[in-house]
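Participant: start-v8.cif is the file, holding mmCIF, C-alpha atoms and all ligand atoms:
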data_target
loop_
_atom_site.group_PDB
_atom_site.id
_atom_site.type_symbol
_atom_site.label_atom_id
_atom_site.label_comp_id
_atom_site.auth_asym_id
_atom_site.auth_seq_id
_atom_site.Cartn_x
_atom_site.Cartn_y
_atom_site.Cartn_z
ATOM 1 C CA MET R 83 -15.132 -77.134 -3.607
ATOM 2 C CA ALA R 84 -13.216 -73.877 -3.482
ATOM 3 C CA GLU R 85 -13.681 -71.498 -6.389
ATOM 4 C CA LEU R 86 -10.760 -71.901 -8.739
ATOM 5 C CA LYS R 87 -9.810 -69.073 -11.059
ATOM 6 C CA THR R 88 -10.793 -70.153 -14.545
ATOM 7 C CA LEU R 89 -7.831 -70.378 -16.920
ATOM 8 C CA ILE R 90 -8.338 -69.760 -20.631
ATOM 9 C CA ALA R 91 -5.181 -70.815 -22.456
ATOM 10 C CA GLY R 92 -4.402 -70.347 -26.128
ATOM 11 C CA ASN R 93 -2.101 -72.930 -27.682
ATOM 12 C CA TRP R 94 -1.048 -71.362 -30.957
ATOM 13 C CA LYS R 95 0.779 -74.557 -31.998
ATOM 14 C CA MET R 96 2.971 -73.961 -35.103
ATOM 15 C CA ASN R 97 1.170 -70.755 -36.098
ATOM 16 C CA ALA R 98 1.600 -67.026 -35.603
ATOM 17 C CA GLY R 99 5.376 -67.273 -35.167
ATOM 18 C CA GLY R 100 6.311 -63.854 -36.528
ATOM 19 C CA ALA R 101 4.795 -60.405 -36.860
ATOM 20 C CA ASP R 102 1.400 -62.112 -36.964
ATOM 21 C CA GLY R 103 1.996 -63.469 -33.446
ATOM 22 C CA ILE R 104 2.936 -60.040 -32.108
ATOM 23 C CA ALA R 105 -0.190 -58.562 -33.699
ATOM 24 C CA LEU R 106 -2.341 -61.338 -32.209
ATOM 25 C CA ALA R 107 -0.908 -60.752 -28.721
ATOM 26 C CA LYS R 108 -1.511 -57.003 -29.060
ATOM 27 C CA ALA R 109 -5.111 -57.609 -30.144
ATOM 28 C CA VAL R 110 -5.764 -59.970 -27.221
ATOM 29 C CA LEU R 111 -4.192 -57.491 -24.812
ATOM 30 C CA SER R 112 -6.264 -54.624 -26.149
ATOM 31 C CA GLY R 113 -9.522 -56.602 -25.892
ATOM 32 C CA ALA R 114 -8.693 -57.905 -22.428
ATOM 33 C CA THR R 115 -7.785 -54.427 -21.219
ATOM 34 C CA LYS R 116 -11.166 -53.077 -22.379
ATOM 35 C CA GLU R 117 -13.239 -55.874 -20.839
ATOM 36 C CA SER R 118 -11.170 -56.918 -17.784
ATOM 37 C CA PHE R 119 -12.256 -60.560 -17.570
ATOM 38 C CA SER R 120 -12.368 -62.362 -14.270
ATOM 39 C CA CYS R 121 -10.682 -65.448 -15.779
ATOM 40 C CA GLU R 122 -6.928 -65.752 -16.223
ATOM 41 C CA LEU R 123 -5.614 -65.585 -19.795
ATOM 42 C CA LEU R 124 -2.568 -67.480 -21.036
ATOM 43 C CA LEU R 125 -0.924 -67.274 -24.458
ATOM 44 C CA CYS R 126 1.367 -70.098 -25.607
ATOM 45 C CA PRO R 127 3.041 -68.930 -28.831
ATOM 46 C CA PRO R 128 5.796 -70.697 -30.775
ATOM 47 C CA ALA R 129 9.150 -70.475 -28.926
ATOM 48 C CA VAL R 130 10.617 -68.045 -31.468
ATOM 49 C CA VAL R 131 8.144 -65.296 -30.524
ATOM 50 C CA LEU R 132 7.709 -66.148 -26.856
ATOM 51 C CA ALA R 133 9.996 -63.352 -25.630
ATOM 52 C CA ALA R 134 8.365 -60.815 -27.928
ATOM 53 C CA VAL R 135 4.843 -61.878 -26.905
ATOM 54 C CA SER R 136 5.857 -61.774 -23.234
ATOM 55 C CA HIS R 137 7.121 -58.251 -23.822
ATOM 56 C CA VAL R 138 3.778 -57.235 -25.371
ATOM 57 C CA VAL R 139 1.751 -58.449 -22.378
ATOM 58 C CA ASP R 140 4.324 -57.472 -19.739
ATOM 59 C CA GLY R 141 2.656 -55.627 -16.854
ATOM 60 C CA SER R 142 -0.797 -56.977 -17.771
ATOM 61 C CA PRO R 143 -2.540 -59.945 -16.125
ATOM 62 C CA ILE R 144 -2.012 -62.007 -19.319
ATOM 63 C CA ALA R 145 0.506 -64.820 -18.827
ATOM 64 C CA THR R 146 2.645 -66.563 -21.420
ATOM 65 C CA GLY R 147 3.852 -70.126 -21.715
ATOM 66 C CA GLY R 148 5.915 -72.463 -23.861
ATOM 67 C CA GLN R 149 4.377 -75.336 -25.810
ATOM 68 C CA ASP R 150 7.063 -77.854 -24.845
ATOM 69 C CA CYS R 151 10.455 -78.006 -23.148
ATOM 70 C CA HIS R 152 13.454 -80.281 -22.902
ATOM 71 C CA ALA R 153 13.909 -82.198 -19.665
ATOM 72 C CA LYS R 154 17.476 -80.916 -19.184
ATOM 73 C CA ALA R 155 18.424 -77.382 -18.187
ATOM 74 C CA LYS R 156 21.120 -76.970 -20.884
ATOM 75 C CA GLY R 157 23.537 -78.861 -23.059
ATOM 76 C CA ALA R 158 24.097 -80.406 -26.483
ATOM 77 C CA HIS R 159 20.485 -80.807 -27.609
ATOM 78 C CA THR R 160 20.259 -79.140 -30.991
ATOM 79 C CA GLY R 161 16.959 -77.462 -31.649
ATOM 80 C CA ASP R 162 15.580 -77.990 -28.166
ATOM 81 C CA VAL R 163 14.512 -75.371 -25.654
ATOM 82 C CA ALA R 164 15.026 -75.703 -21.889
ATOM 83 C CA ALA R 165 12.323 -74.781 -19.399
ATOM 84 C CA GLU R 166 14.782 -72.270 -17.935
ATOM 85 C CA MET R 167 14.970 -70.568 -21.336
ATOM 86 C CA LEU R 168 11.180 -70.307 -21.474
ATOM 87 C CA ALA R 169 11.251 -68.698 -18.040
ATOM 88 C CA ALA R 170 13.980 -66.303 -19.195
ATOM 89 C CA ALA R 171 11.745 -65.382 -22.147
ATOM 90 C CA GLY R 172 9.024 -64.327 -19.711
ATOM 91 C CA ALA R 173 6.954 -67.523 -19.569
ATOM 92 C CA THR R 174 5.298 -68.646 -16.374
ATOM 93 C CA TYR R 175 3.698 -71.773 -17.856
ATOM 94 C CA VAL R 176 4.761 -74.658 -20.083
ATOM 95 C CA ILE R 177 2.502 -77.153 -21.856
ATOM 96 C CA VAL R 178 3.865 -80.695 -21.701
ATOM 97 C CA GLY R 179 2.596 -83.956 -23.144
ATOM 98 C CA HIS R 180 0.285 -82.462 -25.742
ATOM 99 C CA SER R 181 -1.109 -85.309 -27.846
ATOM 100 C CA GLU R 182 0.598 -83.864 -30.926
ATOM 101 C CA ARG R 183 3.946 -84.275 -29.168
ATOM 102 C CA ARG R 184 3.017 -87.688 -27.841
ATOM 103 C CA THR R 185 2.221 -88.695 -31.453
ATOM 104 C CA ASP R 186 4.702 -86.703 -33.567
ATOM 105 C CA HIS R 187 7.667 -87.095 -31.215
ATOM 106 C CA LYS R 188 6.759 -90.403 -29.579
ATOM 107 C CA GLU R 189 6.681 -88.837 -26.126
ATOM 108 C CA THR R 190 5.870 -91.403 -23.464
ATOM 109 C CA ASP R 191 4.375 -90.731 -20.046
ATOM 110 C CA ALA R 192 7.904 -90.965 -18.585
ATOM 111 C CA ILE R 193 9.191 -88.300 -20.989
ATOM 112 C CA VAL R 194 6.209 -86.082 -20.232
ATOM 113 C CA ARG R 195 6.812 -86.501 -16.502
ATOM 114 C CA ALA R 196 10.487 -85.502 -16.904
ATOM 115 C CA LYS R 197 9.438 -82.414 -18.879
ATOM 116 C CA ALA R 198 6.868 -81.445 -16.245
ATOM 117 C CA GLU R 199 9.570 -81.824 -13.623
ATOM 118 C CA ALA R 200 11.832 -79.577 -15.700
ATOM 119 C CA GLY R 201 9.069 -76.989 -15.798
ATOM 120 C CA HIS R 202 8.784 -77.098 -12.022
ATOM 121 C CA ARG R 203 12.566 -76.873 -11.666
ATOM 122 C CA ALA R 204 12.466 -73.670 -13.728
ATOM 123 C CA GLY R 205 9.627 -72.243 -11.642
ATOM 124 C CA LEU R 206 6.977 -72.754 -14.329
ATOM 125 C CA VAL R 207 3.461 -74.108 -13.995
ATOM 126 C CA ALA R 208 3.315 -77.326 -16.018
ATOM 127 C CA VAL R 209 0.132 -77.848 -18.037
ATOM 128 C CA ILE R 210 0.142 -81.632 -18.318
ATOM 129 C CA CYS R 211 -2.018 -82.897 -21.202
ATOM 130 C CA ILE R 212 -3.822 -86.228 -21.186
ATOM 131 C CA GLY R 213 -6.601 -87.711 -23.274
ATOM 132 C CA GLU R 214 -7.795 -90.797 -25.085
ATOM 133 C CA THR R 215 -7.773 -91.558 -28.797
ATOM 134 C CA GLU R 216 -10.984 -92.327 -30.627
ATOM 135 C CA ALA R 217 -10.132 -96.037 -30.733
ATOM 136 C CA GLU R 218 -9.588 -96.044 -26.977
ATOM 137 C CA ARG R 219 -12.927 -94.323 -26.397
ATOM 138 C CA ASP R 220 -14.705 -96.735 -28.725
ATOM 139 C CA ALA R 221 -13.154 -99.630 -26.814
ATOM 140 C CA GLY R 222 -14.490 -98.238 -23.523
ATOM 141 C CA GLU R 223 -10.971 -97.528 -22.265
ATOM 142 C CA THR R 224 -11.209 -93.770 -21.720
ATOM 143 C CA LEU R 225 -11.054 -93.747 -17.922
ATOM 144 C CA ALA R 226 -8.352 -96.421 -17.819
ATOM 145 C CA VAL R 227 -6.218 -94.407 -20.259
ATOM 146 C CA LEU R 228 -6.621 -91.284 -18.117
ATOM 147 C CA THR R 229 -5.672 -93.230 -14.998
ATOM 148 C CA ARG R 230 -2.545 -94.581 -16.706
ATOM 149 C CA GLN R 231 -1.504 -91.186 -18.074
ATOM 150 C CA ILE R 232 -2.039 -89.512 -14.689
ATOM 151 C CA ALA R 233 -0.017 -92.195 -12.928
ATOM 152 C CA GLY R 234 2.829 -91.894 -15.437
ATOM 153 C CA SER R 235 2.929 -88.208 -16.357
ATOM 154 C CA ILE R 236 2.685 -86.321 -13.065
ATOM 155 C CA PRO R 237 6.024 -85.862 -11.283
ATOM 156 C CA ALA R 238 6.697 -85.962 -7.562
ATOM 157 C CA GLY R 239 6.391 -82.484 -6.114
ATOM 158 C CA ALA R 240 3.344 -81.596 -8.216
ATOM 159 C CA SER R 241 0.965 -79.225 -6.449
ATOM 160 C CA ALA R 242 -2.068 -77.135 -7.246
ATOM 161 C CA ALA R 243 0.293 -74.175 -7.518
ATOM 162 C CA ASN R 244 2.685 -75.647 -10.089
ATOM 163 C CA THR R 245 0.462 -78.025 -12.054
ATOM 164 C CA VAL R 246 -2.581 -77.776 -14.305
ATOM 165 C CA ILE R 247 -4.121 -80.821 -15.965
ATOM 166 C CA ALA R 248 -5.546 -80.479 -19.484
ATOM 167 C CA TYR R 249 -8.011 -83.141 -20.634
ATOM 168 C CA GLU R 250 -7.900 -83.211 -24.414
ATOM 169 C CA PRO R 251 -9.639 -86.121 -26.104
ATOM 170 C CA VAL R 252 -7.397 -86.656 -29.152
ATOM 171 C CA TRP R 253 -10.403 -87.132 -31.464
ATOM 172 C CA ALA R 254 -11.831 -83.745 -30.442
ATOM 173 C CA ILE R 255 -8.695 -81.767 -31.334
ATOM 174 C CA GLY R 256 -9.168 -79.684 -34.464
ATOM 175 C CA THR R 257 -12.159 -81.727 -35.585
ATOM 176 C CA GLY R 258 -15.095 -79.587 -34.490
ATOM 177 C CA ARG R 259 -16.328 -82.569 -32.493
ATOM 178 C CA THR R 260 -16.641 -82.496 -28.718
ATOM 179 C CA PRO R 261 -17.639 -85.093 -26.146
ATOM 180 C CA THR R 262 -21.127 -84.760 -24.703
ATOM 181 C CA ILE R 263 -21.486 -82.733 -21.544
ATOM 182 C CA ALA R 264 -22.014 -86.003 -19.634
ATOM 183 C CA GLU R 265 -18.780 -87.421 -21.085
ATOM 184 C CA VAL R 266 -16.827 -84.277 -20.162
ATOM 185 C CA ALA R 267 -18.280 -84.397 -16.641
ATOM 186 C CA GLU R 268 -17.388 -88.084 -16.266
ATOM 187 C CA ALA R 269 -13.801 -87.598 -17.476
ATOM 188 C CA HIS R 270 -13.174 -84.526 -15.312
ATOM 189 C CA ALA R 271 -14.645 -86.128 -12.176
ATOM 190 C CA HIS R 272 -12.437 -89.147 -12.818
ATOM 191 C CA ILE R 273 -9.352 -86.948 -13.250
ATOM 192 C CA ARG R 274 -10.179 -85.068 -10.033
ATOM 193 C CA ARG R 275 -10.306 -88.370 -8.144
ATOM 194 C CA GLU R 276 -7.203 -89.828 -9.776
ATOM 195 C CA ILE R 277 -4.936 -86.837 -9.132
ATOM 196 C CA GLY R 278 -5.508 -87.291 -5.406
ATOM 197 C CA GLY R 279 -2.224 -88.655 -4.102
ATOM 198 C CA LYS R 280 -0.342 -87.410 -7.197
ATOM 199 C CA VAL R 281 -0.863 -83.659 -6.792
ATOM 200 C CA ALA R 282 -0.812 -81.839 -3.470
ATOM 201 C CA GLU R 283 -4.208 -80.180 -2.955
ATOM 202 C CA PRO R 284 -6.048 -81.985 -5.755
ATOM 203 C CA ALA R 285 -9.278 -80.083 -5.073
ATOM 204 C CA LEU R 286 -7.474 -76.810 -5.840
ATOM 205 C CA THR R 287 -5.808 -78.084 -9.020
ATOM 206 C CA ARG R 288 -7.235 -76.683 -12.224
ATOM 207 C CA ILE R 289 -8.413 -79.166 -14.827
ATOM 208 C CA LEU R 290 -8.846 -77.666 -18.303
ATOM 209 C CA TYR R 291 -10.911 -79.093 -21.125
ATOM 210 C CA GLY R 292 -9.415 -78.886 -24.627
ATOM 211 C CA GLY R 293 -10.641 -79.998 -28.048
ATOM 212 C CA SER R 294 -12.694 -77.827 -30.427
ATOM 213 C CA VAL R 295 -13.537 -75.191 -27.818
ATOM 214 C CA LYS R 296 -15.119 -72.203 -29.572
ATOM 215 C CA ALA R 297 -16.823 -69.022 -28.420
ATOM 216 C CA ASP R 298 -20.225 -70.632 -28.995
ATOM 217 C CA ASN R 299 -19.694 -73.848 -26.998
ATOM 218 C CA ALA R 300 -17.379 -72.487 -24.283
ATOM 219 C CA ALA R 301 -20.074 -71.382 -21.829
ATOM 220 C CA GLU R 302 -21.683 -74.819 -21.821
ATOM 221 C CA LEU R 303 -18.351 -76.648 -21.412
ATOM 222 C CA LEU R 304 -17.067 -74.290 -18.715
ATOM 223 C CA LYS R 305 -20.214 -74.820 -16.629
ATOM 224 C CA VAL R 306 -19.459 -78.525 -16.222
ATOM 225 C CA ALA R 307 -18.345 -79.560 -12.731
ATOM 226 C CA ASN R 308 -14.560 -79.899 -12.442
ATOM 227 C CA VAL R 309 -13.937 -77.964 -15.671
ATOM 228 C CA ASN R 310 -11.747 -75.078 -14.535
ATOM 229 C CA GLY R 311 -10.833 -73.616 -17.884
ATOM 230 C CA ALA R 312 -10.049 -74.378 -21.495
ATOM 231 C CA LEU R 313 -7.009 -75.145 -23.625
ATOM 232 C CA VAL R 314 -7.826 -73.638 -26.996
ATOM 233 C CA GLY R 315 -6.127 -74.341 -30.325
ATOM 234 C CA GLY R 316 -7.731 -73.048 -33.518
ATOM 235 C CA ALA R 317 -10.004 -70.517 -31.843
ATOM 236 C CA SER R 318 -7.024 -68.894 -30.088
ATOM 237 C CA LEU R 319 -5.559 -67.765 -33.419
ATOM 238 C CA GLU R 320 -7.980 -64.870 -33.741
ATOM 239 C CA ALA R 321 -8.332 -62.361 -30.939
ATOM 240 C CA ALA R 322 -12.104 -62.090 -31.401
ATOM 241 C CA SER R 323 -12.778 -65.809 -30.956
ATOM 242 C CA PHE R 324 -10.275 -66.181 -28.095
ATOM 243 C CA LEU R 325 -11.789 -63.184 -26.326
ATOM 244 C CA GLY R 326 -15.235 -64.634 -26.982
ATOM 245 C CA ILE R 327 -14.206 -67.711 -25.023
ATOM 246 C CA ALA R 328 -12.835 -65.529 -22.209
ATOM 247 C CA ARG R 329 -16.158 -63.682 -22.189
ATOM 248 C CA ALA R 330 -18.037 -66.971 -21.919
ATOM 249 C CA ALA R 331 -15.830 -67.846 -18.938
ATOM 250 C CA GLY R 332 -16.912 -64.623 -17.223
HETATM 251 P P1 LIG E 1 -8.453 -77.133 -31.122
HETATM 252 O O1 LIG E 1 -9.038 -76.093 -30.195
HETATM 253 O O2 LIG E 1 -8.004 -76.563 -32.436
HETATM 254 O O3 LIG E 1 -9.341 -78.323 -31.256
HETATM 255 O O4 LIG E 1 -7.107 -77.641 -30.427
HETATM 256 C C1 LIG E 1 -7.148 -78.053 -29.109
HETATM 257 C C2 LIG E 1 -5.770 -78.252 -28.632
HETATM 258 O O5 LIG E 1 -5.083 -79.181 -29.036
HETATM 259 C C3 LIG E 1 -5.228 -77.268 -27.680
HETATM 260 O O6 LIG E 1 -4.037 -77.708 -27.121
#
In structure tokens, write the structure found in this file.
Facilitator:
Amino acid sequence: MAELKTLIAGNWKMNAGGADGIALAKAVLSGATKESFSCELLLCPPAVVLAAVSHVVDGSPIATGGQDCHAKAKGAHTGDVAAEMLAAAGATYVIVGHSERRTDHKETDAIVRAKAEAGHRAGLVAVICIGETEAERDAGETLAVLTRQIAGSIPAGASAANTVIAYEPVWAIGTGRTPTIAEVAEAHAHIRREIGGKVAEPALTRILYGGSVKADNAAELLKVANVNGALVGGASLEAASFLGIARAAG
């Protein structure tokens, strides 16, 4: 398979939404400038500081992204943010279908697909999140859940250039628990197969692993076949740990 550029993405979630977010972006930029990693770095701050964070990293190889978007380009949707607005704030990526949105906001595969399509419409790379719950894994349904989410969440027109898949087992998010290396390999190989026919150039599409990625387990996870990067929550909130993961990626 062709060498894909590893993507290390920080999902700040509902944290670092003020001066702390600007300081975090500056610290990541300063570390990345000193070390010049070969992986690509992406920061996904809360929407309220997206423009400011984009300004901090402007002119550097560090990209920014939104954590969610509305499916429509504009209109009477109080509190929502359009993909076009993320792009105007400097973003080149948008995360859609994170399990916290699927749970907290009852987002279905169809909603996630519409949001991914909105991201594409706005010229953004959609990071489409999928992953099984603990109950689904215990019931032996992991691969079937991934198949269903891939079938339902990836819009027509998806390509390696505008789409990234993030495999995030729900039970591994924020828990300090991770699947075994064999389980990660099985899930990612399955995703690689299943996106054939849904994404143009599936072999060139990056598949990230997310769920309790830290500086000390990143190297092992990133070595797994079909793991082309990481989507990092907690460990992206401190520059040192986020940069440690980037270092592990090489
Ligand atoms: P943690 O890295 O905190 O487990 O979060 C993972 C995640 O949900 C990233 O989107």
Participant: Which residues are close to Ala133 in chain R, i.e. within 10 Å by all atoms listed in the file, leaving aside same-chain residues fewer than 6 positions away? Reply as a PyMOL selection string.
Facilitator: chain R and resi 127+146-147+167-173
Participant: Could you list, as a PDB file with C-alpha atoms, in the frame of the given file, every residue matched by the PyMOL selection byres (((not hetatm)) within 8 of (chain E and resi 1)) in this structure?
Facilitator:
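expr_19.pdb, freshly written:
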ATOM      1  CA  GLY R  92      -4.402 -70.347 -26.128  1.00  0.00           C
ATOM      2  CA  ASN R  93      -2.101 -72.930 -27.682  1.00  0.00           C
ATOM      3  CA  TRP R  94      -1.048 -71.362 -30.957  1.00  0.00           C
ATOM      4  CA  LYS R  95       0.779 -74.557 -31.998  1.00  0.00           C
ATOM      5  CA  HIS R 180       0.285 -82.462 -25.742  1.00  0.00           C
ATOM      6  CA  SER R 181      -1.109 -85.309 -27.846  1.00  0.00           C
ATOM      7  CA  GLU R 182       0.598 -83.864 -30.926  1.00  0.00           C
ATOM      8  CA  GLU R 250      -7.900 -83.211 -24.414  1.00  0.00           C
ATOM      9  CA  VAL R 252      -7.397 -86.656 -29.152  1.00  0.00           C
ATOM     10  CA  ALA R 254     -11.831 -83.745 -30.442  1.00  0.00           C
ATOM     11  CA  ILE R 255      -8.695 -81.767 -31.334  1.00  0.00           C
ATOM     12  CA  GLY R 256      -9.168 -79.684 -34.464  1.00  0.00           C
ATOM     13  CA  THR R 257     -12.159 -81.727 -35.585  1.00  0.00           C
ATOM     14  CA  GLY R 258     -15.095 -79.587 -34.490  1.00  0.00           C
ATOM     15  CA  GLY R 292      -9.415 -78.886 -24.627  1.00  0.00           C
ATOM     16  CA  GLY R 293     -10.641 -79.998 -28.048  1.00  0.00           C
ATOM     17  CA  SER R 294     -12.694 -77.827 -30.427  1.00  0.00           C
ATOM     18  CA  VAL R 295     -13.537 -75.191 -27.818  1.00  0.00           C
ATOM     19  CA  LYS R 296     -15.119 -72.203 -29.572  1.00  0.00           C
ATOM     20  CA  LEU R 313      -7.009 -75.145 -23.625  1.00  0.00           C
ATOM     21  CA  VAL R 314      -7.826 -73.638 -26.996  1.00  0.00           C
ATOM     22  CA  GLY R 315      -6.127 -74.341 -30.325  1.00  0.00           C
ATOM     23  CA  GLY R 316      -7.731 -73.048 -33.518  1.00  0.00           C
ATOM     24  CA  ALA R 317     -10.004 -70.517 -31.843  1.00  0.00           C
ATOM     25  CA  SER R 318      -7.024 -68.894 -30.088  1.00  0.00           C
TER      26      SER R 318
END
Participant: Any chance you could work out the residue set of the PyMOL selection byres (((chain R and resi 245) around 7) and not hetatm) here, as a PyMOL selection string?
Facilitator: chain R and resi 207-209+240-244+246-247+287
Participant: Residue by residue, what does the PyMOL selection byres (((chain R and resi 279) around 12) and not hetatm) grab here? Present the result as a PyMOL selection string.
Facilitator: chain R and resi 232-233+236-242+273-278+280-285
Participant: Quick one: pull the distance between CA of Tyr291 in chain R and CA of Lys154 in chain R, Å, one decimal.
Facilitator: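 Taking CA of Tyr291 in chain R and CA of Lys154 in chain R, their separation equals 28.5 Å.
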Participant: Could you pull out every residue with an atom within 12 Å of (-13.9, -94.3, -29.3), file coordinates, counting only C-alpha atoms, and send them as a ChimeraX atom specification?
Facilitator: /R:213-225,227,251-254,261,265
Participant: Within 9 Å of Gly113 in chain R, counting only C-alpha atoms, which residues show up once you throw out same-chain ones fewer than 5 positions away? Write them as a compact mmCIF listing (two decimals) with C-alpha atoms, in the coordinates of the input, please.
Facilitator:
# COMPACT_ATOMS: atom_id res chain seq x y z
CA LYS R 108 -1.51 -57.00 -29.06
CA SER R 118 -11.17 -56.92 -17.78
CA ALA R 321 -8.33 -62.36 -30.94
CA ALA R 322 -12.10 -62.09 -31.40
CA LEU R 325 -11.79 -63.18 -26.33
Participant: Rounded to one decimal place, report the CA of Ala269 in chain R-CA of Val309 in chain R distance in Å.
Facilitator: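 Taking CA of Ala269 in chain R as the start and CA of Val309 in chain R as the end point, the length is 9.8 Å.
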Participant: Under the rule that all atoms listed in the file are counted, which of R:Asp298, R:Ala331, R:Leu125, R:Thr229 is the nearest residue to Ala109 in chain R?
Facilitator: R:Leu125
Participant: Please provide as a ChimeraX atom specification all residues within 9 Å of Asn308 in chain R, with the sequence filter that same-chain residues fewer than 6 positions apart are discarded (counting all atoms listed in the file).
Facilitator: /R:267,270-271,273-274,288-290
Participant: Applying 8 Å and all atoms listed in the file, which residues near Ile263 in chain R remain after dropping the ones on its own chain fewer than 5 positions away? List them as an NGL selection string.
Facilitator: :R and (302-303 or 306)
Participant: Could you check which residues have any atom within 12 Å of (5.5, -58.2, -23.4), counting all atoms listed in the file with coordinates taken straight from the file, and then list them as an NGL selection string?
Facilitator: :R and (103-105 or 107-108 or 111 or 125 or 131-146 or 171-173)
Participant: Select, from R:Leu206, R:Cys121, R:Ala200, R:Val110, the residue with the minimum atom-to-atom distance to His152 in chain R, counting all atoms listed in the file.
Facilitator: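 When distances to His152 in chain R are compared using all atoms listed in the file, the smallest one comes from R:Ala200.
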